[in-house]
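Engineer: I'd like to ask some things about the structure below.
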Amino acid sequence: MNVEITGLTRRFGRATAVAGVDLRAGPGVFGLLGPNGAGKTSLLRMMATAIPPTSGRLRLLGRDPLSYGPRREIRRRLGYLPQNLGYYRGFTVEEFVEYFALLKEMPAGRIPLAVAAAVDRVGLGDRSAAKLRTLSGGMLRRVGIAQAIVNEPELLLLDEPTAGLDPEQRVAFRAMLRDLGQRATIVVSTHLVEDVGAACAEVALMDRGKIVFHGTPDDLTARGAGHGTGDAPLERGYSAVLAAARP
Amino acid sequence: MTATSAPARSRPGTRHPRPAAARLLRLELRHNAMLWMMPVAVALFWFTAGRKTLASPPLWNLRVAVMQPNAVLAFASPVAGAAAWMGSRESRRRTTDLVNITARPRPARLLTTWAATTCWALVAYLACVAVVYAVTAHQATWGGPLWWPAVVSAASLAALAALGFAAGTLVPSRFTPPLAAVAAFFALGLSTQLIKGSQSYWLISPVVAGPWDLGPNPEVGTFYAYLPDLPMAQVIFLAGLTAAVLGALALPTGSGLRSLRRSAAAVTTAGLLVAGTAVALAGTGRLDAHGMIAIPALHDAASDRPLRYTPVCGHTTIPVCLHPAYASYLPATEAALAPVLGQVVGLPGAPARISQAAATYQQGPGNSVGIGMAGSPIGGTHPVFHFLLPVQLAGPVLTTSEMASQLRSATGPGIVASVTGDGPGASQAQHAVTTALLMAAGVVPSHPAAPGAPTAGNNVPPPGPGAGGERYVAPPPGSPAYAAAQRFAALPAAARRAWLTQHLAALRAGRISLRQLP
């Protein structure tokens, strides 16, 4: 298992963002659904080693991220796209992706090809020399995805990756996720259930810091049969689970 | 986006890859705020330091002494501001999470950004220094570049970049860069306000190029070797400060392995100790006799030896010789002294040569410094009259005509007095003859000052007896001696010379009275 989480909790002051989450994920695309404030981003940031858990056990790629050496090794094999992508306005697409390839300590000899491949993969090959400040929101999102996948990560964490992408790009992105998911564990945090339905083999639904559902998209769809609200079957399952989880 | 993993376009994959650290540095260099601040820094340097430096006489020591403090002040704000901007970049651009979860340790990442900032600052600074040094090399008549002041300024830029970068990293606000820029300028500017005399810890400030009371001193490194004691202490201080600040950046939790943070703590501690030691060393400095700061622990006694040089001499009846560094002053010096030399040439006891001497310095109370000339102004079987050029004395920069005027009124009386034997205890007749010869030479001797009249107002006292003739005081107008002087001066030059040739020995012996003067 690339992700092993047991009783993971994260508090910010008095607020509990993640409350005793248990999760296991192997290679494949794993969807993390939930309403705003459910704790998805906090869980993802802990998995990205950006913040330590308050309590609980976390193992990533078979290593303990709380120890420096293993954490560094995890980070070499990790890709992360945060919800709000920060970027350096003066960098070109290629430079930005190269910058992260260097920070991820990729072998220097592999970097030029890996950068070109990542930029091509997100469909920005013809804009690789463009300054980031000249790009649209959707293009910036794709740049963020490119920096996340440049090191061919074994664990890829994507927080709202399709926000700002147009339908065509979204379809291409899902195809890319399915391709990457054949070798790596991909955790996609989103509140867009159609992304989950199209790309994820497994899905967890979080609410108020806890996982209230864990199964396949079909299982989630089944939960919505005859219950819930929404236009699509998966949406009905989503709302039905949330309704059941709330007192 | 495509689901295939192969690169869709050809890339220069055969390009020889640079090491990752070099590639990272290259990226940082291309996107560093200091790159944009370089024109500002260079313009500030030119308007505040460059023009001032190149306007000063073409003496290596003088120009580098003018350049060092002004260059540091010119670069301080752009460097500290740009470094703070770069230090706050991750927080401002909200990339903190993204970069913190990468494998490369945070200190290495931050060091690369700081290094890029420092590199551009140094490139701009070295370009400015190259221009100043090239022009000076073209104009100077003696000596070679003094590198220590340039090294001090370069070390200052690294330290300022480190301080600004640390400020930006620790307080990542949009206001931090301008505040850092202003703070750097004022901290440096105010650091000299507490200097008291030559033994001051504040001499460690990189805007101090030598004894603070003297200012840029053309004497330094001409007659005696340049003393690098103070610059060495300053460089040690700046290196320690830089190491301490950069080490402190790696101290926060999450910066890396515990052993890395321990090493950073050790570097910070060592840097602080080194900087503190340098400050303590600066506090032991003293003004040496040659106008430089000597620090006993760093002092090399071999530096105290006089430098060998071949003086440049003019072609007047009594040759005037100057140190080659001052060769450009020779025509003006000759022109200034020629009328006086014309009055004494050929007389018994007249100097065979007029030669420039080295000044000696002595720290006075507070920030005052006594400047004089060691030994007697005249001596030897073929008497050589020693004098100081006014530009060797601390004070405002002089134009050539001002220098000539001061030289004539300060050194002329000394030359004449050395022939007439005038001085303390001399007779009224000697006094009158000296005054008469000065009048004939066109030198207007000064008269006794009224009680309570103002004297030299700056920190540097007027030249003493050894400075090429103390200011000569003529007899008061209306006195018998003054009348005799006027009478003697009114004689034809040939008559004066004839009388002097015949009676000079008696005059020098004090056997001539006022009434015996023609």
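By order in the structure tokens, chains are A, B, ...; within a chain, residues start at 1; ligands start at 1, following the order shown.
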Which residues are near Ala245 in chain A? Cut-off 12 Å, only C-alpha atoms, ignore same chain within fewer than 6 positions. Put them as a PyMOL selection string.
Structural biologist: chain A and resi 34+205-213+238-239
Engineer: Could you pull the residues within 10 Å of Ala222 in chain A, counting only C-alpha atoms, minus those fewer than 3 positions along the same chain, as an MDAnalysis selection string?
Structural biologist: chainID A and resid 216:219 225:227 233:234 236:238 240
Engineer: Write down as a PDB file with C-alpha atoms, in the first residue's frame the residues belonging to range 46-192 of chain B that are assigned helix (DSSP H, G or I) by DSSP computed on the backbone.
Structural biologist:
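Output contents, as saved in states34.pdb:
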ATOM      1  CA  TRP B  46      27.735  56.925  -9.997  1.00  0.00           C
ATOM      2  CA  PHE B  47      25.962  59.926  -8.528  1.00  0.00           C
ATOM      3  CA  THR B  48      27.058  59.436  -4.925  1.00  0.00           C
ATOM      4  CA  ALA B  49      30.376  57.632  -5.162  1.00  0.00           C
ATOM      5  CA  GLY B  50      31.717  57.433  -8.689  1.00  0.00           C
ATOM      6  CA  ARG B  51      31.758  61.105  -9.558  1.00  0.00           C
ATOM      7  CA  LYS B  52      33.039  62.050  -6.123  1.00  0.00           C
ATOM      8  CA  THR B  53      35.785  59.450  -6.300  1.00  0.00           C
ATOM      9  CA  LEU B  54      36.946  60.385  -9.773  1.00  0.00           C
ATOM     10  CA  ALA B  55      36.831  64.078  -8.901  1.00  0.00           C
ATOM     11  CA  TRP B  60      45.091  55.344  -5.392  1.00  0.00           C
ATOM     12  CA  ASN B  61      44.858  55.594  -1.636  1.00  0.00           C
ATOM     13  CA  LEU B  62      42.688  58.688  -1.722  1.00  0.00           C
ATOM     14  CA  ARG B  63      40.303  57.396  -4.333  1.00  0.00           C
ATOM     15  CA  VAL B  64      39.719  54.014  -2.761  1.00  0.00           C
ATOM     16  CA  ALA B  65      39.226  55.688   0.604  1.00  0.00           C
ATOM     17  CA  VAL B  66      36.587  57.952  -0.939  1.00  0.00           C
ATOM     18  CA  MET B  67      35.025  55.073  -2.829  1.00  0.00           C
ATOM     19  CA  GLN B  68      34.657  52.506  -0.034  1.00  0.00           C
ATOM     20  CA  PRO B  69      32.138  54.246   2.240  1.00  0.00           C
ATOM     21  CA  ASN B  70      30.226  55.852  -0.595  1.00  0.00           C
ATOM     22  CA  ALA B  71      29.985  52.611  -2.545  1.00  0.00           C
ATOM     23  CA  VAL B  72      28.701  50.708   0.465  1.00  0.00           C
ATOM     24  CA  LEU B  73      26.080  53.378   1.116  1.00  0.00           C
ATOM     25  CA  ALA B  74      25.078  53.508  -2.558  1.00  0.00           C
ATOM     26  CA  PHE B  75      24.566  49.761  -2.762  1.00  0.00           C
ATOM     27  CA  ALA B  76      23.099  49.244   0.715  1.00  0.00           C
ATOM     28  CA  SER B  77      19.488  50.078  -0.036  1.00  0.00           C
ATOM     29  CA  PRO B  78      19.140  48.332  -3.420  1.00  0.00           C
ATOM     30  CA  VAL B  79      20.877  45.198  -2.163  1.00  0.00           C
ATOM     31  CA  ALA B  80      19.041  44.936   1.156  1.00  0.00           C
ATOM     32  CA  GLY B  81      15.720  45.733  -0.517  1.00  0.00           C
ATOM     33  CA  ALA B  82      16.168  43.253  -3.351  1.00  0.00           C
ATOM     34  CA  ALA B  83      17.349  40.563  -0.942  1.00  0.00           C
ATOM     35  CA  ALA B  84      14.337  41.133   1.303  1.00  0.00           C
ATOM     36  CA  TRP B  85      12.069  40.935  -1.736  1.00  0.00           C
ATOM     37  CA  MET B  86      13.616  37.618  -2.721  1.00  0.00           C
ATOM     38  CA  GLY B  87      13.507  36.354   0.867  1.00  0.00           C
ATOM     39  CA  ARG B  89       9.072  35.581  -2.357  1.00  0.00           C
ATOM     40  CA  GLU B  90       7.737  32.181  -1.317  1.00  0.00           C
ATOM     41  CA  SER B  91       5.309  33.668   1.119  1.00  0.00           C
ATOM     42  CA  ARG B  92       4.239  36.514  -1.167  1.00  0.00           C
ATOM     43  CA  THR B  96       5.490  27.886   0.575  1.00  0.00           C
ATOM     44  CA  ASP B  97       3.676  24.538   0.670  1.00  0.00           C
ATOM     45  CA  LEU B  98       4.736  23.670  -2.827  1.00  0.00           C
ATOM     46  CA  VAL B  99       8.449  24.226  -2.262  1.00  0.00           C
ATOM     47  CA  ASN B 100       8.532  22.989   1.320  1.00  0.00           C
ATOM     48  CA  ARG B 106      15.053  24.434   2.734  1.00  0.00           C
ATOM     49  CA  PRO B 107      18.440  25.928   3.692  1.00  0.00           C
ATOM     50  CA  ALA B 108      19.912  24.836   0.356  1.00  0.00           C
ATOM     51  CA  ARG B 109      17.003  26.402  -1.499  1.00  0.00           C
ATOM     52  CA  LEU B 110      17.247  29.662   0.414  1.00  0.00           C
ATOM     53  CA  LEU B 111      21.028  29.785   0.067  1.00  0.00           C
ATOM     54  CA  THR B 112      20.691  29.508  -3.689  1.00  0.00           C
ATOM     55  CA  THR B 113      18.330  32.474  -3.810  1.00  0.00           C
ATOM     56  CA  TRP B 114      20.613  34.506  -1.540  1.00  0.00           C
ATOM     57  CA  ALA B 115      23.636  33.531  -3.629  1.00  0.00           C
ATOM     58  CA  ALA B 116      21.929  34.715  -6.809  1.00  0.00           C
ATOM     59  CA  THR B 117      21.065  38.045  -5.175  1.00  0.00           C
ATOM     60  CA  THR B 118      24.619  38.453  -3.938  1.00  0.00           C
ATOM     61  CA  CYS B 119      26.054  37.484  -7.321  1.00  0.00           C
ATOM     62  CA  TRP B 120      24.177  40.260  -9.123  1.00  0.00           C
ATOM     63  CA  ALA B 121      25.048  42.773  -6.428  1.00  0.00           C
ATOM     64  CA  LEU B 122      28.708  41.843  -6.759  1.00  0.00           C
ATOM     65  CA  VAL B 123      28.592  41.960 -10.549  1.00  0.00           C
ATOM     66  CA  ALA B 124      27.203  45.503 -10.442  1.00  0.00           C
ATOM     67  CA  TYR B 125      29.641  46.550  -7.753  1.00  0.00           C
ATOM     68  CA  LEU B 126      32.674  45.038  -9.452  1.00  0.00           C
ATOM     69  CA  ALA B 127      31.733  46.733 -12.707  1.00  0.00           C
ATOM     70  CA  CYS B 128      31.668  50.078 -10.900  1.00  0.00           C
ATOM     71  CA  VAL B 129      34.968  49.332  -9.175  1.00  0.00           C
ATOM     72  CA  ALA B 130      36.515  48.287 -12.481  1.00  0.00           C
ATOM     73  CA  VAL B 131      35.629  51.660 -14.002  1.00  0.00           C
ATOM     74  CA  VAL B 132      37.027  53.612 -11.050  1.00  0.00           C
ATOM     75  CA  TYR B 133      40.195  51.511 -10.956  1.00  0.00           C
ATOM     76  CA  ALA B 134      40.703  51.681 -14.714  1.00  0.00           C
ATOM     77  CA  VAL B 135      40.376  55.465 -14.753  1.00  0.00           C
ATOM     78  CA  THR B 136      42.649  55.781 -11.736  1.00  0.00           C
ATOM     79  CA  ALA B 137      45.232  53.459 -13.277  1.00  0.00           C
ATOM     80  CA  HIS B 138      45.221  55.720 -16.305  1.00  0.00           C
ATOM     81  CA  GLN B 139      45.598  58.904 -14.262  1.00  0.00           C
ATOM     82  CA  TRP B 148      41.378  45.746   0.605  1.00  0.00           C
ATOM     83  CA  PRO B 149      38.816  48.572   0.493  1.00  0.00           C
ATOM     84  CA  ALA B 150      37.170  46.904  -2.505  1.00  0.00           C
ATOM     85  CA  VAL B 151      37.107  43.593  -0.639  1.00  0.00           C
ATOM     86  CA  VAL B 152      35.482  45.263   2.374  1.00  0.00           C
ATOM     87  CA  SER B 153      32.753  46.720   0.167  1.00  0.00           C
ATOM     88  CA  ALA B 154      32.187  43.374  -1.540  1.00  0.00           C
ATOM     89  CA  ALA B 155      31.920  41.621   1.830  1.00  0.00           C
ATOM     90  CA  SER B 156      29.479  44.335   2.920  1.00  0.00           C
ATOM     91  CA  LEU B 157      27.217  43.551  -0.007  1.00  0.00           C
ATOM     92  CA  ALA B 158      27.163  39.853   0.898  1.00  0.00           C
ATOM     93  CA  ALA B 159      26.310  40.735   4.498  1.00  0.00           C
ATOM     94  CA  LEU B 160      23.654  43.253   3.482  1.00  0.00           C
ATOM     95  CA  ALA B 161      22.119  40.682   1.147  1.00  0.00           C
ATOM     96  CA  ALA B 162      22.090  38.136   3.972  1.00  0.00           C
ATOM     97  CA  LEU B 163      20.481  40.578   6.401  1.00  0.00           C
ATOM     98  CA  GLY B 164      17.886  41.724   3.876  1.00  0.00           C
ATOM     99  CA  PHE B 165      17.160  38.151   2.832  1.00  0.00           C
ATOM    100  CA  ALA B 166      16.720  37.059   6.442  1.00  0.00           C
ATOM    101  CA  ALA B 167      14.377  39.988   7.076  1.00  0.00           C
ATOM    102  CA  GLY B 168      12.301  39.023   4.049  1.00  0.00           C
ATOM    103  CA  THR B 169      12.204  35.371   5.060  1.00  0.00           C
ATOM    104  CA  LEU B 170      11.288  36.007   8.679  1.00  0.00           C
ATOM    105  CA  THR B 176       9.666  44.429   4.472  1.00  0.00           C
ATOM    106  CA  PRO B 177      11.791  45.196   1.367  1.00  0.00           C
ATOM    107  CA  PRO B 178      11.382  48.982   1.519  1.00  0.00           C
ATOM    108  CA  LEU B 179      11.852  48.942   5.269  1.00  0.00           C
ATOM    109  CA  ALA B 180      14.966  46.808   4.914  1.00  0.00           C
ATOM    110  CA  ALA B 181      16.332  49.200   2.297  1.00  0.00           C
ATOM    111  CA  VAL B 182      15.785  52.238   4.496  1.00  0.00           C
ATOM    112  CA  ALA B 183      17.045  50.480   7.631  1.00  0.00           C
ATOM    113  CA  ALA B 184      20.241  49.345   5.907  1.00  0.00           C
ATOM    114  CA  PHE B 185      21.031  52.872   4.756  1.00  0.00           C
ATOM    115  CA  PHE B 186      20.397  54.500   8.100  1.00  0.00           C
ATOM    116  CA  ALA B 187      22.113  51.774  10.113  1.00  0.00           C
ATOM    117  CA  LEU B 188      25.265  52.238   8.066  1.00  0.00           C
ATOM    118  CA  GLY B 189      25.012  56.005   8.061  1.00  0.00           C
ATOM    119  CA  LEU B 190      24.475  56.228  11.794  1.00  0.00           C
TER     120      LEU B 190
END
Engineer: Would you give me, as a ChimeraX atom specification, the residues of chain A that come within 7 Å of chain B, using only C-alpha atoms?
Structural biologist: /A:48-50,68,72,75-76,86-88,90,99,102-105,108-109,112-113,116-117,120-123,169,172-173,175-176,179
Engineer: Go ahead and dump the residues you just picked, C-alpha atoms, as a compact mmCIF listing (two decimals), in the first residue's frame.
Structural biologist:
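Saved file again_14.txt follows:
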# COMPACT_ATOMS: atom_id res chain seq x y z
CA ALA A 48 1.98 15.76 1.12
CA THR A 49 4.17 16.14 4.25
CA ALA A 50 3.39 19.86 4.27
CA TYR A 68 13.72 13.21 8.10
CA ARG A 72 13.01 13.25 2.03
CA ARG A 75 9.28 13.83 -1.26
CA ARG A 76 11.47 12.72 -4.14
CA GLY A 86 1.28 29.83 -6.07
CA TYR A 87 3.66 30.61 -8.89
CA TYR A 88 6.44 32.99 -9.87
CA GLY A 90 8.36 35.91 -14.28
CA TYR A 99 12.54 24.56 -10.95
CA LEU A 102 15.42 20.48 -9.45
CA LEU A 103 13.85 20.91 -6.02
CA LYS A 104 12.61 17.34 -6.22
CA GLU A 105 16.24 16.32 -6.73
CA ALA A 108 20.19 16.46 -13.63
CA GLY A 109 20.57 14.47 -16.83
CA PRO A 112 15.32 18.40 -19.71
CA LEU A 113 13.40 15.44 -21.14
CA ALA A 116 9.44 18.60 -21.84
CA ALA A 117 7.37 15.47 -21.31
CA ASP A 120 3.61 18.29 -23.35
CA ARG A 121 1.46 16.03 -21.28
CA VAL A 122 -0.62 18.90 -19.96
CA GLY A 123 -0.95 20.32 -23.46
CA GLN A 169 -9.21 19.74 -20.96
CA ALA A 172 -8.04 14.88 -21.35
CA PHE A 173 -7.03 15.30 -17.73
CA ALA A 175 -7.53 10.23 -19.32
CA MET A 176 -4.14 11.28 -18.06
CA ASP A 179 -2.88 6.48 -17.36
Engineer: Give me, as a VMD selection string, all polymer residues having an atom no more than 9 Å from Ile145 in chain A, counting only C-alpha atoms and skipping those fewer than 3 positions away in the same chain.
Structural biologist: chain A and resid 79 to 81 118 to 119 122 140 to 142 148 to 150 158 161
Engineer: Tell me, as a CSV table (one decimal) with C-alpha atoms, in the first residue's frame, which residues lie within 9 Å of range 26-31 of chain A, counting only C-alpha atoms; anything in the same chain fewer than 2 positions away does not count.
Structural biologist:
chain,number,residue,atom,x,y,z
A,1,MET,CA,0.0,0.0,0.0
A,2,ASN,CA,1.3,3.4,-0.9
A,3,VAL,CA,-0.9,5.2,1.6
A,4,GLU,CA,-1.6,3.8,5.1
A,24,ARG,CA,-5.4,2.7,2.7
A,33,LEU,CA,-15.0,13.9,-2.1
A,154,GLU,CA,4.6,7.2,-7.1
A,155,LEU,CA,2.2,9.2,-5.0
A,177,LEU,CA,-5.2,10.4,-14.5
A,178,ARG,CA,-6.2,6.9,-15.6
A,180,LEU,CA,-0.8,7.7,-14.4
A,181,GLY,CA,-2.9,5.6,-12.1
A,182,GLN,CA,-1.7,2.4,-13.7
A,183,ARG,CA,1.6,2.8,-11.9
A,184,ALA,CA,1.1,5.3,-9.1
A,185,THR,CA,-1.3,6.1,-6.3
A,186,ILE,CA,-3.2,9.2,-7.2
A,187,VAL,CA,-5.4,10.9,-4.6
A,188,VAL,CA,-7.7,13.5,-6.1
A,189,SER,CA,-9.5,15.8,-3.8
A,190,THR,CA,-12.5,17.4,-5.4
A,193,VAL,CA,-18.4,14.2,-8.4
A,195,ASP,CA,-14.4,13.7,-12.0
A,196,VAL,CA,-14.6,10.9,-9.5
A,197,GLY,CA,-17.1,8.9,-11.6
A,199,ALA,CA,-11.5,8.6,-13.3
A,200,CYS,CA,-11.5,7.0,-9.9
A,201,ALA,CA,-11.5,3.4,-9.0
A,202,GLU,CA,-12.0,4.1,-5.4
A,203,VAL,CA,-13.6,6.9,-3.5
A,204,ALA,CA,-13.9,8.3,0.0
A,205,LEU,CA,-16.3,10.9,1.2
A,217,PRO,CA,-18.0,5.0,-7.4
Engineer: For His323 in chain B, find every residue with an atom within 7 Å (counting only C-alpha atoms), except residues of its own chain fewer than 6 positions away, and show them as a ChimeraX atom specification.
Structural biologist: /B:311-312,356
Engineer: What does the distance between CA of Leu146 in chain B and CA of Met34 in chain B come to in Å, to one decimal place?
Structural biologist: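 So the two atoms, CA of Leu146 in chain B and CA of Met34 in chain B, lie 27.2 Å apart.
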Engineer: Using only C-alpha atoms, determine which residues lie at most 12 Å from Ala327 in chain B, disregarding the query and same-chain residues fewer than 6 positions distant; provide the list as a PDB file with C-alpha atoms, in the first residue's frame.
Structural biologist:
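Output file result_31.pdb follows:
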ATOM      1  CA  PRO B  57      43.113  63.726  -6.996  1.00  0.00           C
ATOM      2  CA  PRO B  58      44.381  60.664  -8.861  1.00  0.00           C
ATOM      3  CA  LEU B  59      45.959  58.991  -5.878  1.00  0.00           C
ATOM      4  CA  GLN B 139      45.598  58.904 -14.262  1.00  0.00           C
ATOM      5  CA  ALA B 140      47.726  57.918 -11.259  1.00  0.00           C
ATOM      6  CA  THR B 141      51.421  58.662 -11.440  1.00  0.00           C
ATOM      7  CA  TRP B 142      52.544  56.179  -8.846  1.00  0.00           C
ATOM      8  CA  GLY B 143      51.448  53.089  -6.970  1.00  0.00           C
ATOM      9  CA  THR B 310      62.358  57.868  -6.528  1.00  0.00           C
ATOM     10  CA  PRO B 311      61.186  61.441  -6.076  1.00  0.00           C
ATOM     11  CA  VAL B 312      60.210  63.508  -9.067  1.00  0.00           C
ATOM     12  CA  CYS B 313      62.094  66.789  -9.126  1.00  0.00           C
ATOM     13  CA  GLY B 314      61.567  70.021 -10.977  1.00  0.00           C
ATOM     14  CA  VAL B 320      61.609  70.988  -5.718  1.00  0.00           C
ATOM     15  CA  CYS B 321      61.112  67.251  -5.276  1.00  0.00           C
ATOM     16  CA  THR B 333      54.299  73.533  -6.292  1.00  0.00           C
ATOM     17  CA  GLU B 334      57.188  74.913  -8.297  1.00  0.00           C
ATOM     18  CA  GLN B 356      58.363  66.657   0.283  1.00  0.00           C
ATOM     19  CA  LEU B 389      51.982  69.662   0.714  1.00  0.00           C
TER      20      LEU B 389
END
Engineer: Which residue, A:Arg174, A:Arg59, A:Arg246, A:Arg127, has the smallest gap to Leu8 in chain A when you use only C-alpha atoms?
Structural biologist: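 Closest residue, counting only C-alpha atoms: A:Arg59.
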Engineer: Between CA of Ser56 in chain B and CA of Ala325 in chain B, what is the distance, to one decimal in Å?
Structural biologist: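 Computing it gives 13.4 Å between the two atoms.
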Engineer: Quick one: of A:Arg57, A:His191, A:Arg170, A:Lys131, who's nearest to Leu23 in chain A, counting only C-alpha atoms?
Structural biologist: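 Closest candidate: A:Arg57.
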Engineer: In Å, rounded to a single decimal, give me how far CA of Ser479 in chain B is from CA of Gln516 in chain B.
Structural biologist: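 Calculated distance between CA of Gln516 in chain B and CA of Ser479 in chain B is 16.1 Å.
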Engineer: Contacts of range 301-306 of chain B at 8 Å or less, counting only C-alpha atoms, minus same-chain residues fewer than 5 places along, as a list in words?
Structural biologist: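 The residues satisfying every condition are Phe223, Tyr224, Ala225, Tyr226 and Leu227 of chain B.
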